[in-house]
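Student: Let me begin by handing over the structure; questions about it come next.
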Amino acid sequence: MRTRLTELLGVEHPVMLAGMGGVSYHRLVAAVSEAGGFGCLGASTMSAGQLVDEIHAVKAATEKPFGVDLLTAIPEQLETNVDTLVRESVPVLVVGLGIPRDVVTACHEHNIIVVNMCGKVRHAIAAVEAGCDLVVAQGTEAGGHTGTVATMPLVPQIVDAVGDRVPVVAAGGIFDGRGLAAALALGADGVWIGTRFIATPEARSAPGYKDALLHTAEDGTVVSRAFTGKTLRAVRNKTTQHFDEHPEELAPFPKQLIDAMNGGWMHLGVDEQTPGIDPDRECYPAGQGVGAIQDLVPAGELVRRFVADAESALERIGELRAAR
């Protein structure tokens with residue numbers, strides 16, 4: 001399945017692993033890339049030293065392309081991490097909270113592809129005007145930090161706005177190959193998948209996270225500022241309920257994030273052996289596709305299923321057209 005995305009990234013399949021902080025570490029990234037998709041490290045919860053170690057671990061496990069998602073709004077930290085990507089010859093940078101034009105220029109000087117996450121059409125236009133090579137159109141159905149526009153209306157509008165200049169990738173609530181087929185039908189060149197890849201043996205997770213995904217229905221998530229001070233979709237629990245009822249206690253980002261970490265309801269980045277975590281209070285980011293997750297599936301197998309199921313869906317559409 002070849003698209004502009006696979007050509008740009010040098011991969012076999014138009015399936016990208018979301019660079020999820022606290023989840024997308026080297027085991028998951030390498031598994032997705034080795035299967036022909038595009039793996040992406042989630043660096044938002046990593047120290048500078050840990051980021052380097054994770055990059056080395058991915059390279060030891062696969063020779064396939066991968067990227068790093070920095071998700072930072074702090075210019076100095078962004079520039080420092082970009083220097084790391086240059087030194088370590090990482091081919092792709094993903095940023096979710098905007099990226100200065102001079103950073104894009106610096107990346108291009110070292111042949112680094114720049115990807116920007118976008119929740120509105122104007123965000124995508126600004127990203128392309130700043131020189132970004134690829135935009136991800138993320139609908140509000142997505143887990144983690146998310147906007148207000150749904151995937152179905154957002155993707156084609158961003159395609160119409162910038163798709164003639166750069167590839168567009170669809171994100172938000174996509175959990176299988178039918179979503180990939182739908183994204184291609186909307187004009188996108190591939191998909192960016194988060195929540196479904198958390199429910200894999202390779203994903204890193206806090207205790208109770210994967211189990212929560214297996215038992216949460218499609219209406220079991222909520223967009224809340226309880227965990228970081230920014231709108232973040234996560235599994236509904238006592239923490240989200242408390243701040244729904246007491247919004248006056250919310251602090252802006254990043255103070256709310258610090259409060260969550262100090263208060264014991266934010267542990268992204270720890271592993272499943274970490275003690276003292278209360279699942280009824282913990283931050284478990286998840287998208288609305290969570291209701292379709294019934295079991296843990298190896299990440300490489302998921303990549304292959306996405307492609308096979310998308311091809312089947314597209315063949316069915318072709319058969320319907322031929323029958324007219």
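Here, A, B, ... name the chains of the structure tokens in the order displayed, residue numbers run from 1 inside each chain, and ligands are numbered from 1 in the same displayed order.
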So which bits of segment 49-220 of chain A end up helix (DSSP H, G or I) when you DSSP the backbone, as a PyMOL selection string?

Tutor: chain A and resi 49-61+75-87+101-109+121-129+151-162+177-185+195-198+209-214

Student: Please identify all polymer residues within 12 Å of Pro14 of chain A, counting only C-alpha atoms, omitting same-chain residues fewer than 3 positions from it, and present them as a PyMOL selection string.

Tutor: chain A and resi 1-11+17+32-33+35-39+167-170+177+179-181+183-184+188-193+303-304+306-308+310

Student: Show me, as a ChimeraX atom specification, the residues that have an atom within 10 Å of Asp102 of chain A when counting only C-alpha atoms, minus same-chain residues fewer than 3 positions from it.

Tutor: /A:79,99,105-108,130-131

Student: Could the residues in this selection be written to a file with C-alpha atoms, as a PDB file, in the first residue's frame?

Tutor:
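Printed below is again_18.pdb as written:
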ATOM      1  CA  GLU A  79      16.392  23.342  20.394  1.00  0.00           C
ATOM      2  CA  ILE A  99       7.471  24.736  16.009  1.00  0.00           C
ATOM      3  CA  THR A 105      15.221  25.335   8.913  1.00  0.00           C
ATOM      4  CA  ALA A 106      17.831  23.762  11.193  1.00  0.00           C
ATOM      5  CA  CYS A 107      16.179  20.365  10.773  1.00  0.00           C
ATOM      6  CA  HIS A 108      16.122  20.662   6.998  1.00  0.00           C
ATOM      7  CA  ALA A 130       6.671  27.402   8.481  1.00  0.00           C
ATOM      8  CA  GLY A 131       8.143  24.660   6.302  1.00  0.00           C
TER       9      GLY A 131
END

Student: Select from segment 122-162 of chain A every residue with an atom at most 9 Å from any atom of segment 223-246 of chain A, then for each give the shortest pair of atoms and their distance in Å to one decimal, using only C-alpha atoms, rows by chain and rising number, as CSV.

Tutor:
residue,atom,partner,partner_atom,distance
A:Thr140,CA,A:Arg233,CA,8.2
A:Glu141,CA,A:Arg233,CA,8.0
A:Ala142,CA,A:Arg233,CA,7.0
A:Gly143,CA,A:Arg233,CA,4.8
A:Gly144,CA,A:Leu232,CA,4.7
A:His145,CA,A:Leu232,CA,4.1
A:Thr146,CA,A:Leu232,CA,5.8
A:Gly147,CA,A:Thr231,CA,7.2

Student: Just the residues within 6 Å of segment 205-216 of chain A, please, counting only C-alpha atoms, with nothing from its chain fewer than 5 positions along; format it as a PyMOL selection string.

Tutor: chain A and resi 23+199+270-272+279+284+291+293-294

Student: May I have the selected residues written with C-alpha atoms, as a PDB file, in the first residue's frame?

Tutor:
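Output (part.pdb):
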ATOM      1  CA  VAL A  23       4.205   4.571  26.251  1.00  0.00           C
ATOM      2  CA  ALA A 199      -2.784  -2.475  24.172  1.00  0.00           C
ATOM      3  CA  VAL A 270       6.724   4.353  34.795  1.00  0.00           C
ATOM      4  CA  ASP A 271       6.495   0.623  34.088  1.00  0.00           C
ATOM      5  CA  GLU A 272       3.973  -2.002  35.101  1.00  0.00           C
ATOM      6  CA  PRO A 279      -6.205   3.031  38.896  1.00  0.00           C
ATOM      7  CA  TYR A 284      -4.783   6.813  31.436  1.00  0.00           C
ATOM      8  CA  GLY A 291     -14.271   0.376  23.114  1.00  0.00           C
ATOM      9  CA  ILE A 293     -10.019  -3.072  22.067  1.00  0.00           C
ATOM     10  CA  GLN A 294     -10.711  -6.577  23.328  1.00  0.00           C
TER      11      GLN A 294
END

Student: Kindly indicate which residue among A:Val92, A:Leu296, A:Ile55, A:Met16 lies nearest to Gly67 of chain A, using only C-alpha atoms for the distances.

Tutor: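 For Gly67 of chain A, the nearest of the given residues is A:Val92.
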
Student: Using only C-alpha atoms, which residue out of A:Leu70, A:Leu186, A:Gln273, A:Asp176 lies closest to Met152 of chain A?

Tutor: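 Ranked by minimum distance to Met152 of chain A, first place goes to A:Leu186.
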
Student: Give me the residues near Val94 of chain A as a ChimeraX atom specification, where near means some atom within 12 Å (using only C-alpha atoms) and where sequence neighbours in that chain fewer than 4 positions away do not count.

Tutor: /A:16-20,39-44,66-72,78,81-82,85,90,98-99,103-104,107,112-118,127,132-136,192

Student: May I have the residues within 7 Å of Ala30 of chain A as a PyMOL selection string, using only C-alpha atoms and disregarding those fewer than 6 positions away in the same chain?

Tutor: chain A and resi 39+58+61-62
